>>> print(open('model_32.csv').read())   # CSV, C-alpha atoms (C1' of nucleotides)
chain,number,residue,atom,x,y,z
A,1,MET,CA,-16.8,86.1,33.6
A,2,ILE,CA,-17.4,82.8,35.5
A,3,LEU,CA,-20.4,82.1,37.6
A,4,ASP,CA,-20.2,79.8,40.6
A,5,SER,CA,-22.8,77.3,41.8
A,6,GLU,CA,-24.8,80.1,43.5
A,7,THR,CA,-24.7,82.1,40.3
A,8,LYS,CA,-22.7,84.9,41.8
A,9,ALA,CA,-19.9,86.5,39.8
A,10,VAL,CA,-16.5,85.2,40.9
A,11,GLU,CA,-13.2,86.9,40.3
A,12,LEU,CA,-10.7,84.4,39.1
A,13,PRO,CA,-7.1,85.5,38.7
A,14,GLU,CA,-7.0,86.2,35.0
A,15,ASP,CA,-3.9,85.9,33.0
A,16,HIS,CA,-2.5,89.3,32.0
A,17,GLY,CA,1.0,88.1,31.4
A,18,ASN,CA,1.1,89.2,27.8
A,19,GLU,CA,0.2,92.7,28.6
A,20,LEU,CA,2.8,92.8,31.3
A,21,ARG,CA,5.5,91.4,29.0
A,22,LEU,CA,4.5,94.0,26.4
A,23,TRP,CA,4.8,96.8,29.0
A,24,LEU,CA,8.2,95.6,30.1
A,25,ARG,CA,9.4,95.4,26.5
A,26,LEU,CA,8.1,98.9,25.8
A,27,LEU,CA,9.8,100.2,28.8
A,28,THR,CA,13.1,98.5,27.9
A,29,CYS,CA,13.0,100.0,24.4
A,30,THR,CA,12.4,103.5,25.8
A,31,THR,CA,15.0,103.2,28.5
A,32,LEU,CA,17.6,101.9,26.1
A,33,ILE,CA,17.0,104.7,23.5
A,34,GLU,CA,16.6,107.4,26.1
A,35,GLY,CA,19.9,106.4,27.8
A,36,GLU,CA,21.7,106.4,24.5
A,37,VAL,CA,20.4,109.9,23.6
A,38,ARG,CA,21.2,111.1,27.0
A,39,SER,CA,24.8,110.1,26.9
A,40,ARG,CA,25.3,111.3,23.3
A,41,LEU,CA,23.9,114.7,24.3
A,42,ARG,CA,26.3,114.8,27.3
A,43,GLU,CA,29.3,113.8,25.3
A,44,GLY,CA,28.6,115.8,22.2
A,45,PHE,CA,27.2,119.0,23.7
A,46,ASP,CA,27.5,118.7,27.5
A,47,VAL,CA,23.8,119.2,27.9
A,48,THR,CA,21.2,117.1,29.8
A,49,LEU,CA,18.2,115.5,28.2
A,50,PRO,CA,15.6,117.6,30.2
A,51,ARG,CA,17.3,120.8,29.1
A,52,PHE,CA,17.3,119.6,25.5
A,53,ASP,CA,13.6,118.7,25.7
A,54,LEU,CA,12.7,122.0,27.2
A,55,MET,CA,14.6,123.8,24.4
A,56,ALA,CA,12.9,121.6,21.8
A,57,GLN,CA,9.5,122.7,23.1
A,58,LEU,CA,10.5,126.4,22.9
A,59,ASP,CA,12.0,126.0,19.4
A,60,LYS,CA,8.6,125.2,18.1
A,61,VAL,CA,7.1,128.4,19.4
A,62,PRO,CA,9.3,131.5,18.7
A,63,GLU,CA,6.9,133.9,20.5
A,64,GLY,CA,7.5,131.9,23.7
A,65,MET,CA,5.4,129.9,26.2
A,66,THR,CA,4.4,130.1,29.8
A,67,LEU,CA,5.8,127.8,32.4
A,68,SER,CA,2.5,126.0,32.7
A,69,ASP,CA,2.4,125.4,29.0
A,70,VAL,CA,5.8,123.9,29.1
A,71,SER,CA,4.9,121.8,32.1
A,72,LYS,CA,1.9,120.3,30.4
A,73,ARG,CA,3.7,119.7,27.1
A,74,MET,CA,6.6,118.0,28.8
A,75,MET,CA,4.4,116.1,31.2
A,76,VAL,CA,6.4,117.1,34.2
A,77,SER,CA,5.5,119.0,37.4
A,78,ASN,CA,5.5,122.8,37.7
A,79,GLY,CA,8.2,122.9,40.2
A,80,ASN,CA,10.4,120.9,37.9
A,81,VAL,CA,10.0,123.4,35.2
A,82,THR,CA,10.8,126.3,37.5
A,83,GLY,CA,14.2,124.8,38.4
A,84,LEU,CA,15.0,123.8,34.8
A,85,VAL,CA,14.2,127.3,33.5
A,86,GLU,CA,16.2,128.9,36.2
A,87,ARG,CA,19.4,127.1,35.1
A,88,LEU,CA,18.8,127.7,31.4
A,89,VAL,CA,18.2,131.4,32.0
A,90,GLU,CA,21.4,131.4,34.0
A,91,SER,CA,23.3,129.8,31.2
A,92,GLY,CA,22.0,132.3,28.7
A,93,HIS,CA,19.9,129.9,26.6
A,94,LEU,CA,16.6,131.3,27.7
A,95,ASP,CA,15.0,134.7,28.0
A,96,ARG,CA,12.3,135.1,30.7
A,97,ARG,CA,9.9,138.0,31.2
A,98,THR,CA,6.7,138.7,33.1
A,99,SER,CA,3.6,138.9,31.0
A,100,ASP,CA,2.2,142.4,30.5
A,101,THR,CA,-1.4,141.3,31.0
A,102,ASP,CA,-1.0,138.9,33.9
A,103,ARG,CA,1.8,139.5,36.4
A,104,ARG,CA,1.7,135.9,37.6
A,105,VAL,CA,2.7,134.6,34.2
A,106,GLN,CA,6.3,134.1,33.1
A,107,VAL,CA,6.9,133.9,29.3
A,108,ILE,CA,10.1,132.2,28.3
A,109,ARG,CA,11.7,132.0,24.9
A,110,LEU,CA,15.0,130.8,23.4
A,111,THR,CA,17.6,133.5,23.2
A,112,LYS,CA,19.4,133.9,19.9
A,113,ALA,CA,22.4,131.9,21.3
A,114,GLY,CA,20.0,129.3,22.8
A,115,ARG,CA,18.3,128.8,19.4
A,116,ALA,CA,21.5,128.5,17.6
A,117,GLU,CA,22.8,126.0,20.1
A,118,PHE,CA,19.6,124.0,20.0
A,119,ARG,CA,19.5,123.8,16.2
A,120,LYS,CA,23.0,122.4,16.2
A,121,MET,CA,22.0,119.7,18.7
A,122,ALA,CA,18.7,119.0,17.0
A,123,THR,CA,20.3,118.1,13.7
A,124,GLU,CA,22.5,115.6,15.3
A,125,HIS,CA,19.8,114.3,17.5
A,126,GLU,CA,17.6,113.6,14.6
A,127,SER,CA,20.3,111.5,12.9
A,128,TRP,CA,21.0,109.6,16.1
A,129,ILE,CA,17.3,108.7,16.3
A,130,ALA,CA,17.3,107.6,12.7
A,131,ASP,CA,20.3,105.4,13.4
A,132,LEU,CA,18.8,103.9,16.5
A,133,PHE,CA,15.7,102.9,14.4
A,134,ALA,CA,17.7,102.0,11.3
A,135,ASP,CA,16.7,98.4,11.1
A,136,LEU,CA,13.0,99.2,10.9
A,137,GLY,CA,11.6,99.5,7.4
A,138,PRO,CA,9.0,102.1,6.4
A,139,LYS,CA,6.3,99.6,6.9
A,140,ASP,CA,7.4,98.8,10.4
A,141,VAL,CA,7.6,102.5,11.3
A,142,ARG,CA,4.0,103.0,10.0
A,143,GLU,CA,2.7,100.0,11.8
A,144,LEU,CA,4.4,101.0,15.1
A,145,MET,CA,3.0,104.5,14.8
A,146,ARG,CA,-0.5,103.1,14.4
A,147,LEU,CA,-0.2,100.6,17.3
A,148,LEU,CA,1.4,103.2,19.6
A,149,ALA,CA,-1.4,105.6,18.8
A,150,LYS,CA,-3.8,103.0,19.8
A,151,THR,CA,-1.8,102.3,23.0
A,152,LYS,CA,-1.7,105.9,23.9
A,153,ALA,CA,-5.5,106.2,23.5
A,154,SER,CA,-6.1,103.1,25.5
A,155,ALA,CA,-3.8,104.3,28.4
A,156,GLN,CA,-5.4,107.8,28.3
A,157,LYS,CA,-8.8,106.3,28.6
A,158,SER,CA,-7.8,104.1,31.5
A,159,ALA,CA,-6.1,107.1,33.3
A,160,GLN,CA,-9.1,109.2,32.6
A,161,LYS,CA,-11.5,106.6,34.0
A,162,ARG,CA,-9.4,106.5,37.2
A,163,ALA,CA,-9.1,110.2,37.5
A,164,GLY,CA,-12.9,110.3,37.6
A,165,ILE,CA,-13.0,107.9,40.5
A,166,ALA,CA,-10.3,109.5,42.6
B,1,MET,CA,23.8,108.8,-1.6
B,2,ILE,CA,24.1,111.7,-4.0
B,3,LEU,CA,27.1,112.7,-6.0
B,4,ASP,CA,27.8,116.2,-7.1
B,5,SER,CA,29.3,117.5,-10.3
B,6,GLU,CA,32.8,116.6,-9.1
B,7,THR,CA,31.7,113.1,-8.2
B,8,LYS,CA,32.3,113.6,-4.5
B,9,ALA,CA,29.9,112.3,-1.9
B,10,VAL,CA,27.7,115.0,-0.6
B,11,GLU,CA,25.8,114.9,2.6
B,12,LEU,CA,22.3,116.2,2.0
B,13,PRO,CA,20.1,116.7,5.0
B,14,GLU,CA,18.0,113.6,4.8
B,15,ASP,CA,14.5,113.4,6.1
B,16,HIS,CA,14.3,111.4,9.3
B,17,GLY,CA,11.1,113.0,10.5
B,18,ASN,CA,9.2,109.8,10.6
B,19,GLU,CA,11.7,108.1,12.9
B,20,LEU,CA,11.7,111.2,15.1
B,21,ARG,CA,7.9,111.2,15.3
B,22,LEU,CA,8.0,107.5,16.1
B,23,TRP,CA,10.4,108.1,18.9
B,24,LEU,CA,8.4,110.9,20.4
B,25,ARG,CA,5.3,108.8,20.3
B,26,LEU,CA,7.1,105.9,21.9
B,27,LEU,CA,8.3,108.2,24.6
B,28,THR,CA,4.8,109.7,25.2
B,29,CYS,CA,3.3,106.2,25.6
B,30,THR,CA,5.9,105.2,28.1
B,31,THR,CA,5.8,108.4,30.1
B,32,LEU,CA,2.0,108.2,30.2
B,33,ILE,CA,1.9,104.7,31.5
B,34,GLU,CA,4.8,105.0,33.8
B,35,GLY,CA,3.3,108.1,35.4
B,36,GLU,CA,0.1,106.3,35.9
B,37,VAL,CA,1.7,103.3,37.4
B,38,ARG,CA,3.8,105.6,39.6
B,39,SER,CA,0.8,107.4,41.1
B,40,ARG,CA,-1.2,104.2,41.6
B,41,LEU,CA,1.7,102.7,43.5
B,42,ARG,CA,2.0,105.8,45.6
B,43,GLU,CA,-1.7,106.0,46.4
B,44,GLY,CA,-2.3,102.3,46.8
B,45,PHE,CA,0.9,101.2,48.6
B,46,ASP,CA,2.9,104.3,49.4
B,47,VAL,CA,5.8,103.0,47.5
B,48,THR,CA,7.9,104.5,44.7
B,49,LEU,CA,8.3,102.9,41.3
B,50,PRO,CA,12.1,102.4,41.6
B,51,ARG,CA,11.6,100.5,44.9
B,52,PHE,CA,8.9,98.4,43.2
B,53,ASP,CA,11.1,97.7,40.2
B,54,LEU,CA,14.0,96.6,42.5
B,55,MET,CA,11.7,94.3,44.4
B,56,ALA,CA,10.4,92.8,41.2
B,57,GLN,CA,13.9,91.9,40.1
B,58,LEU,CA,14.5,90.2,43.5
B,59,ASP,CA,11.2,88.4,43.5
B,60,LYS,CA,12.4,86.4,40.4
B,61,VAL,CA,15.5,85.2,42.2
B,62,PRO,CA,14.8,83.9,45.7
B,63,GLU,CA,18.5,83.1,46.4
B,64,GLY,CA,19.3,86.8,45.9
B,65,MET,CA,21.5,88.8,43.5
B,66,THR,CA,24.5,91.1,43.8
B,67,LEU,CA,24.2,94.8,43.5
B,68,SER,CA,25.9,94.7,40.1
B,69,ASP,CA,23.4,92.2,38.8
B,70,VAL,CA,20.5,94.5,39.9
B,71,SER,CA,22.2,97.5,38.3
B,72,LYS,CA,22.6,95.7,35.0
B,73,ARG,CA,19.0,94.3,35.0
B,74,MET,CA,17.5,97.6,35.9
B,75,MET,CA,19.7,99.5,33.5
B,76,VAL,CA,20.6,102.1,36.2
B,77,SER,CA,23.9,103.2,37.7
B,78,ASN,CA,25.7,101.4,40.5
B,79,GLY,CA,25.5,104.3,42.8
B,80,ASN,CA,21.8,104.5,42.3
B,81,VAL,CA,21.3,100.9,43.4
B,82,THR,CA,23.4,101.5,46.5
B,83,GLY,CA,21.1,104.2,47.7
B,84,LEU,CA,17.9,102.3,46.7
B,85,VAL,CA,19.0,99.2,48.6
B,86,GLU,CA,20.0,101.2,51.6
B,87,ARG,CA,16.5,102.5,52.0
B,88,LEU,CA,14.8,99.2,51.4
B,89,VAL,CA,17.0,97.5,53.9
B,90,GLU,CA,16.2,100.3,56.4
B,91,SER,CA,12.5,99.7,55.8
B,92,GLY,CA,12.8,95.9,56.3
B,93,HIS,CA,12.0,94.9,52.8
B,94,LEU,CA,15.5,93.7,51.9
B,95,ASP,CA,18.1,91.5,53.5
B,96,ARG,CA,21.7,92.2,52.7
B,97,ARG,CA,24.8,90.2,53.4
B,98,THR,CA,28.4,90.0,52.3
B,99,SER,CA,29.3,87.1,50.0
B,100,ASP,CA,31.3,84.3,51.7
B,101,THR,CA,33.5,83.9,48.7
B,102,ASP,CA,34.2,87.5,47.7
B,103,ARG,CA,34.1,90.2,50.4
B,104,ARG,CA,33.5,93.0,47.9
B,105,VAL,CA,30.1,91.5,47.0
B,106,GLN,CA,26.8,92.3,48.6
B,107,VAL,CA,24.0,89.8,48.1
B,108,ILE,CA,20.5,91.1,48.6
B,109,ARG,CA,17.2,89.3,48.9
B,110,LEU,CA,13.7,90.0,49.7
B,111,THR,CA,12.8,89.5,53.4
B,112,LYS,CA,9.7,87.5,54.1
B,113,ALA,CA,7.8,90.7,54.8
B,114,GLY,CA,9.3,92.2,51.7
B,115,ARG,CA,8.1,89.4,49.6
B,116,ALA,CA,4.6,89.4,51.0
B,117,GLU,CA,4.4,93.1,50.4
B,118,PHE,CA,5.6,92.8,46.9
B,119,ARG,CA,3.3,90.0,45.9
B,120,LYS,CA,0.3,92.1,47.0
B,121,MET,CA,1.5,95.0,44.9
B,122,ALA,CA,2.4,92.8,41.9
B,123,THR,CA,-1.1,91.4,41.6
B,124,GLU,CA,-2.7,94.8,41.5
B,125,HIS,CA,0.1,96.1,39.2
B,126,GLU,CA,-0.6,93.4,36.7
B,127,SER,CA,-4.2,94.3,36.5
B,128,TRP,CA,-3.4,98.0,36.1
B,129,ILE,CA,-1.3,97.2,33.2
B,130,ALA,CA,-3.9,95.0,31.7
B,131,ASP,CA,-6.4,97.9,32.0
B,132,LEU,CA,-4.0,100.4,30.5
B,133,PHE,CA,-3.6,98.2,27.5
B,134,ALA,CA,-7.2,97.1,27.4
B,135,ASP,CA,-8.1,98.5,24.0
B,136,LEU,CA,-5.4,96.4,22.3
B,137,GLY,CA,-6.6,93.1,20.9
B,138,PRO,CA,-4.4,90.0,21.1
B,139,LYS,CA,-3.3,90.5,17.6
B,140,ASP,CA,-2.2,94.1,18.4
B,141,VAL,CA,-0.3,92.9,21.4
B,142,ARG,CA,1.5,90.2,19.4
B,143,GLU,CA,2.3,92.7,16.6
B,144,LEU,CA,3.6,95.3,19.1
B,145,MET,CA,5.8,92.7,20.8
B,146,ARG,CA,7.3,91.8,17.5
B,147,LEU,CA,8.0,95.3,16.4
B,148,LEU,CA,9.4,96.3,19.7
B,149,ALA,CA,11.7,93.4,19.7
B,150,LYS,CA,12.9,94.6,16.3
B,151,THR,CA,13.3,98.1,17.7
B,152,LYS,CA,15.2,96.9,20.7
B,153,ALA,CA,17.6,94.9,18.5
B,154,SER,CA,18.1,97.9,16.2
B,155,ALA,CA,18.8,100.3,19.1
B,156,GLN,CA,21.2,97.8,20.7
B,157,LYS,CA,23.1,97.5,17.5
B,158,SER,CA,23.4,101.2,17.1
B,159,ALA,CA,24.5,101.6,20.7
B,160,GLN,CA,27.0,98.8,20.3
B,161,LYS,CA,28.4,100.3,17.2
B,162,ARG,CA,29.0,103.6,19.0
B,163,ALA,CA,30.5,102.0,22.1
B,164,GLY,CA,33.1,100.5,19.7
B,165,ILE,CA,34.0,103.9,18.4
B,166,ALA,CA,34.1,105.7,21.8
C,1,DC,C1',-16.5,146.9,45.4
C,2,DC,C1',-15.3,142.6,47.8
C,3,DC,C1',-14.0,138.4,48.8
C,4,DA,C1',-14.1,133.4,47.6
C,5,DG,C1',-12.3,130.6,44.3
C,6,DT,C1',-9.0,129.7,40.8
C,7,DT,C1',-4.7,129.9,38.5
C,8,DG,C1',0.5,130.5,37.8
C,9,DC,C1',4.5,130.0,39.9
C,10,DT,C1',7.9,129.0,43.6
C,11,DT,C1',9.5,126.7,47.6
C,12,DT,C1',10.5,122.8,50.4
C,13,DA,C1',11.5,118.1,51.7
C,14,DA,C1',12.4,113.8,50.2
C,15,DG,C1',13.9,110.8,47.0
C,16,DG,C1',15.9,109.3,42.5
C,17,DT,C1',19.7,109.6,39.0
C,18,DT,C1',24.0,110.2,36.9
C,19,DC,C1',29.1,110.5,36.4
C,20,DA,C1',33.4,110.4,38.2
C,21,DA,C1',36.5,109.5,41.8
C,22,DA,C1',37.7,106.7,45.6
C,23,DC,C1',38.2,102.5,47.9
C,24,DA,C1',38.5,97.6,48.7
C,25,DA,C1',39.1,93.0,47.3
C,26,DT,C1',40.2,89.7,43.9
C,27,DT,C1',42.7,87.8,39.9
C,28,DG,C1',46.3,86.9,36.6
C,29,DG,C1',50.9,87.3,34.7
C,30,DC,C1',55.4,86.9,35.9
D,1,DG,C1',54.5,85.9,46.2
D,2,DC,C1',54.1,90.5,44.1
D,3,DC,C1',52.2,94.0,41.6
D,4,DA,C1',49.2,95.7,37.9
D,5,DA,C1',44.8,95.4,36.2
D,6,DT,C1',40.2,94.4,37.0
D,7,DT,C1',35.9,94.2,39.5
D,8,DG,C1',32.2,95.4,43.1
D,9,DT,C1',30.7,98.8,45.8
D,10,DT,C1',30.4,103.4,47.9
D,11,DT,C1',30.8,108.3,48.1
D,12,DG,C1',30.1,113.2,46.6
D,13,DA,C1',28.5,116.8,43.7
D,14,DA,C1',25.2,118.2,40.7
D,15,DC,C1',21.0,117.8,38.8
D,16,DC,C1',16.2,116.0,38.1
D,17,DT,C1',11.7,114.9,39.9
D,18,DT,C1',7.6,114.9,42.6
D,19,DA,C1',3.9,116.1,45.8
D,20,DA,C1',2.4,119.3,48.9
D,21,DA,C1',2.2,123.7,50.8
D,22,DG,C1',2.4,128.5,50.1
D,23,DC,C1',2.3,133.0,47.9
D,24,DA,C1',0.7,136.3,44.4
D,25,DA,C1',-2.4,137.8,41.1
D,26,DC,C1',-6.5,137.4,38.6
D,27,DT,C1',-11.7,136.4,38.0
D,28,DG,C1',-16.5,136.5,38.7
D,29,DG,C1',-20.8,136.5,41.4
D,30,DG,C1',-23.0,139.2,44.9
>>> encode(input="model_32.csv", output="structure tokens")
Amino acid sequence: MILDSETKAVELPEDHGNELRLWLRLLTCTTLIEGEVRSRLREGFDVTLPRFDLMAQLDKVPEGMTLSDVSKRMMVSNGNVTGLVERLVESGHLDRRTSDTDRRVQVIRLTKAGRAEFRKMATEHESWIADLFADLGPKDVRELMRLLAKTKASAQKSAQKRAGIA
Amino acid sequence: MILDSETKAVELPEDHGNELRLWLRLLTCTTLIEGEVRSRLREGFDVTLPRFDLMAQLDKVPEGMTLSDVSKRMMVSNGNVTGLVERLVESGHLDRRTSDTDRRVQVIRLTKAGRAEFRKMATEHESWIADLFADLGPKDVRELMRLLAKTKASAQKSAQKRAGIA
DNA sequence: CCCAGTTGCTTTAAGGTTCAAACAATTGGC
DNA sequence: GCCAATTGTTTGAACCTTAAAGCAACTGGG
């Protein structure tokens, strides 16, 4: 903070260039890897990334989840999930039923076929990721994990702060 | 590599869980920050992130760029850029003209109004980013930059390798 | 019981995104 | 100069995405 001649706080344009460069690099990495995964999924299994992601969420919870749960976990809008689920039910990957205790709630699960299909994809997917990160040693991986955890916490805090204001 | 009793190479399912977890964390960070930037841009300036990104590319090059250049820099498809530019020309932010030397080529630039609008947004944008990364010290930032550079190189190498095969 | 508020999901409108196919213009080999 | 290959852009179909509005069902205080 800098004080001017009348001792009032003055906002000088501070230099945040490093953070900006960091953000752009983070974004580039993610875009690069995501694009690669996207096209390998398409070529190998003729499936889109959002479909794969949704199935990945469901694979972790055999008893199924509600649409809202999925929406929160995937960090996408409710309406988005509705459409995605629609197409996956259509293609036989998902099973969808109305909850017994709350008729608003839709519970979705992988079908047997859906689960089998997903497992096949997941195995390859994991090896693609390993390959994409191949040049990072175990120490690099650990250190990145640590720093990204810190980044996530920082961003959440900032988002939270703003949510309080707005 | 593990060799079985008949001395043939055997593929065992290796554990790539750490890389996978790293990727998911990277993705979470990016999604979180990107979503935050997206909604601040919307609320503050009623502009979408892709429009902002496109204008950011053009701001760096006053003499303008071709659509292909933009497409490569933004890592999005050509068709995508066509539509984006269309809307930004429509709204008066961009100027578009056919190249004198190659009539296939469209050169786009920020208009005066577009540039002014962008500069306003960019200033705030930079401070949002700084705030989102606020809990990272200078050392963290440097270290993350280093590790992400390594990650980018690794991913590019892997993508390159695959492009050669396919 | 009732109704106001909340919650879960769907719909709509607008835009973003991709891939593949089509088109237009340029370039290079001959 | 011609024609094949390449390059730059646009178009079309399908899908993804969001925000906002709307509908349906549940909940709790009175």
>>> interface_residues(input="model_32.csv", of="chain B", to="chain A", cutoff="8 Å", atoms="all atoms listed in the file", output="PyMOL selection string")
chain B and resi 16-20+22-23+25-33+36+75+126-127+129-136+140-141+144-145+147-152+154-159
>>> residues_around(input="model_32.csv", residues="DA21 of chain C", least_positions_apart="6", cutoff="12 Å", atoms="all atoms listed in the file", output="PDB file with C-alpha atoms (C1' of nucleotides), in the frame of the given file")
ATOM      1  C1'  DT D  10      30.400 103.400  47.900  1.00  0.00           C
ATOM      2  C1'  DT D  11      30.800 108.300  48.100  1.00  0.00           C
ATOM      3  C1'  DG D  12      30.100 113.200  46.600  1.00  0.00           C
ATOM      4  C1'  DA D  13      28.500 116.800  43.700  1.00  0.00           C
TER       5       DA D  13
END
>>> interface_residues(input="model_32.csv", of="chain C", to="chain A", cutoff="8 Å", atoms="only C-alpha atoms (C1' of nucleotides)", output="mmCIF file with C-alpha atoms (C1' of nucleotides), in the frame of the given file")
data_model
loop_
_atom_site.group_PDB
_atom_site.id
_atom_site.type_symbol
_atom_site.label_atom_id
_atom_site.label_comp_id
_atom_site.auth_asym_id
_atom_site.auth_seq_id
_atom_site.Cartn_x
_atom_site.Cartn_y
_atom_site.Cartn_z
ATOM 1 C "C1'" DG C 8 0.500 130.500 37.800
ATOM 2 C "C1'" DC C 9 4.500 130.000 39.900
ATOM 3 C "C1'" DT C 10 7.900 129.000 43.600
#
>>> atom_distance(input="model_32.csv", atom1="atom CA of Met121 of chain B", atom2="atom CA of Ser77 of chain B")
24.9 Å
>>> interface_residues(input="model_32.csv", of="chain D", to="chain A", cutoff="7 Å", atoms="all atoms listed in the file", output="list in words")
DT17, DT18, DA24 and DA25 of chain D
>>> residues_around(input="model_32.csv", residues="DA21 of chain D", least_positions_apart="4", cutoff="12 Å", atoms="all atoms listed in the file", output="ChimeraX atom specification")
/C:10-13
>>> residues_around(input="model_32.csv", residues="segment 94-98 of chain A", least_positions_apart="3", cutoff="10 Å", atoms="only C-alpha atoms (C1' of nucleotides)", output="ChimeraX atom specification")
/A:55,58,64-67,85-91,101-115
>>> atom_distance(input="model_32.csv", atom1="atom C1' of DG8 of chain D", atom2="atom CA of Ala56 of chain B")
22.0 Å
>>> atom_distance(input="model_32.csv", atom1="atom CA of Arg119 of chain B", atom2="atom CA of Arg42 of chain B")
15.9 Å
>>> residues_around(input="model_32.csv", residues="DA5 of chain D", least_positions_apart="3", cutoff="12 Å", atoms="all atoms listed in the file", output="PyMOL selection string")
chain C and resi 26-29
>>> residues_around(input="model_32.csv", residues="DC3 of chain C", least_positions_apart="6", cutoff="12 Å", atoms="all atoms listed in the file", output="JSON, numbers by chain")
{"D": [27, 28, 29, 30]}
>>> decode(input="model_32.csv", residues="segment 86-123 of chain A", atoms="C-alpha atoms", output="tab-separated table (two decimals), in the first residue's frame")
chain	number	residue	atom	x	y	z
A	86	GLU	CA	-31.26	-38.45	-21.81
A	87	ARG	CA	-28.85	-39.46	-24.56
A	88	LEU	CA	-27.07	-42.03	-22.41
A	89	VAL	CA	-30.33	-43.67	-21.41
A	90	GLU	CA	-31.31	-43.68	-25.05
A	91	SER	CA	-28.08	-45.45	-25.99
A	92	GLY	CA	-28.57	-48.04	-23.26
A	93	HIS	CA	-25.64	-47.04	-21.08
A	94	LEU	CA	-27.74	-45.71	-18.23
A	95	ASP	CA	-30.71	-46.83	-16.25
A	96	ARG	CA	-33.02	-44.20	-14.84
A	97	ARG	CA	-35.79	-44.53	-12.31
A	98	THR	CA	-37.83	-42.27	-10.13
A	99	SER	CA	-37.04	-42.41	-6.44
A	100	ASP	CA	-39.55	-44.26	-4.25
A	101	THR	CA	-39.42	-41.70	-1.50
A	102	ASP	CA	-39.39	-38.50	-3.52
A	103	ARG	CA	-41.11	-38.38	-6.84
A	104	ARG	CA	-39.09	-35.39	-8.02
A	105	VAL	CA	-35.87	-37.33	-7.81
A	106	GLN	CA	-34.39	-39.36	-10.66
A	107	VAL	CA	-31.83	-41.99	-9.73
A	108	ILE	CA	-29.47	-43.00	-12.51
A	109	ARG	CA	-27.09	-45.94	-12.66
A	110	LEU	CA	-24.86	-47.60	-15.22
A	111	THR	CA	-26.50	-50.54	-16.91
A	112	LYS	CA	-24.52	-53.75	-17.13
A	113	ALA	CA	-23.61	-52.91	-20.71
A	114	GLY	CA	-22.77	-49.35	-19.73
A	115	ARG	CA	-20.47	-50.49	-16.96
A	116	ALA	CA	-18.68	-52.97	-19.20
A	117	GLU	CA	-18.22	-50.32	-21.85
A	118	PHE	CA	-16.95	-47.83	-19.30
A	119	ARG	CA	-14.44	-50.24	-17.77
A	120	LYS	CA	-12.94	-50.88	-21.17
A	121	MET	CA	-12.59	-47.16	-21.79
A	122	ALA	CA	-11.31	-46.39	-18.31
A	123	THR	CA	-8.40	-48.79	-18.62
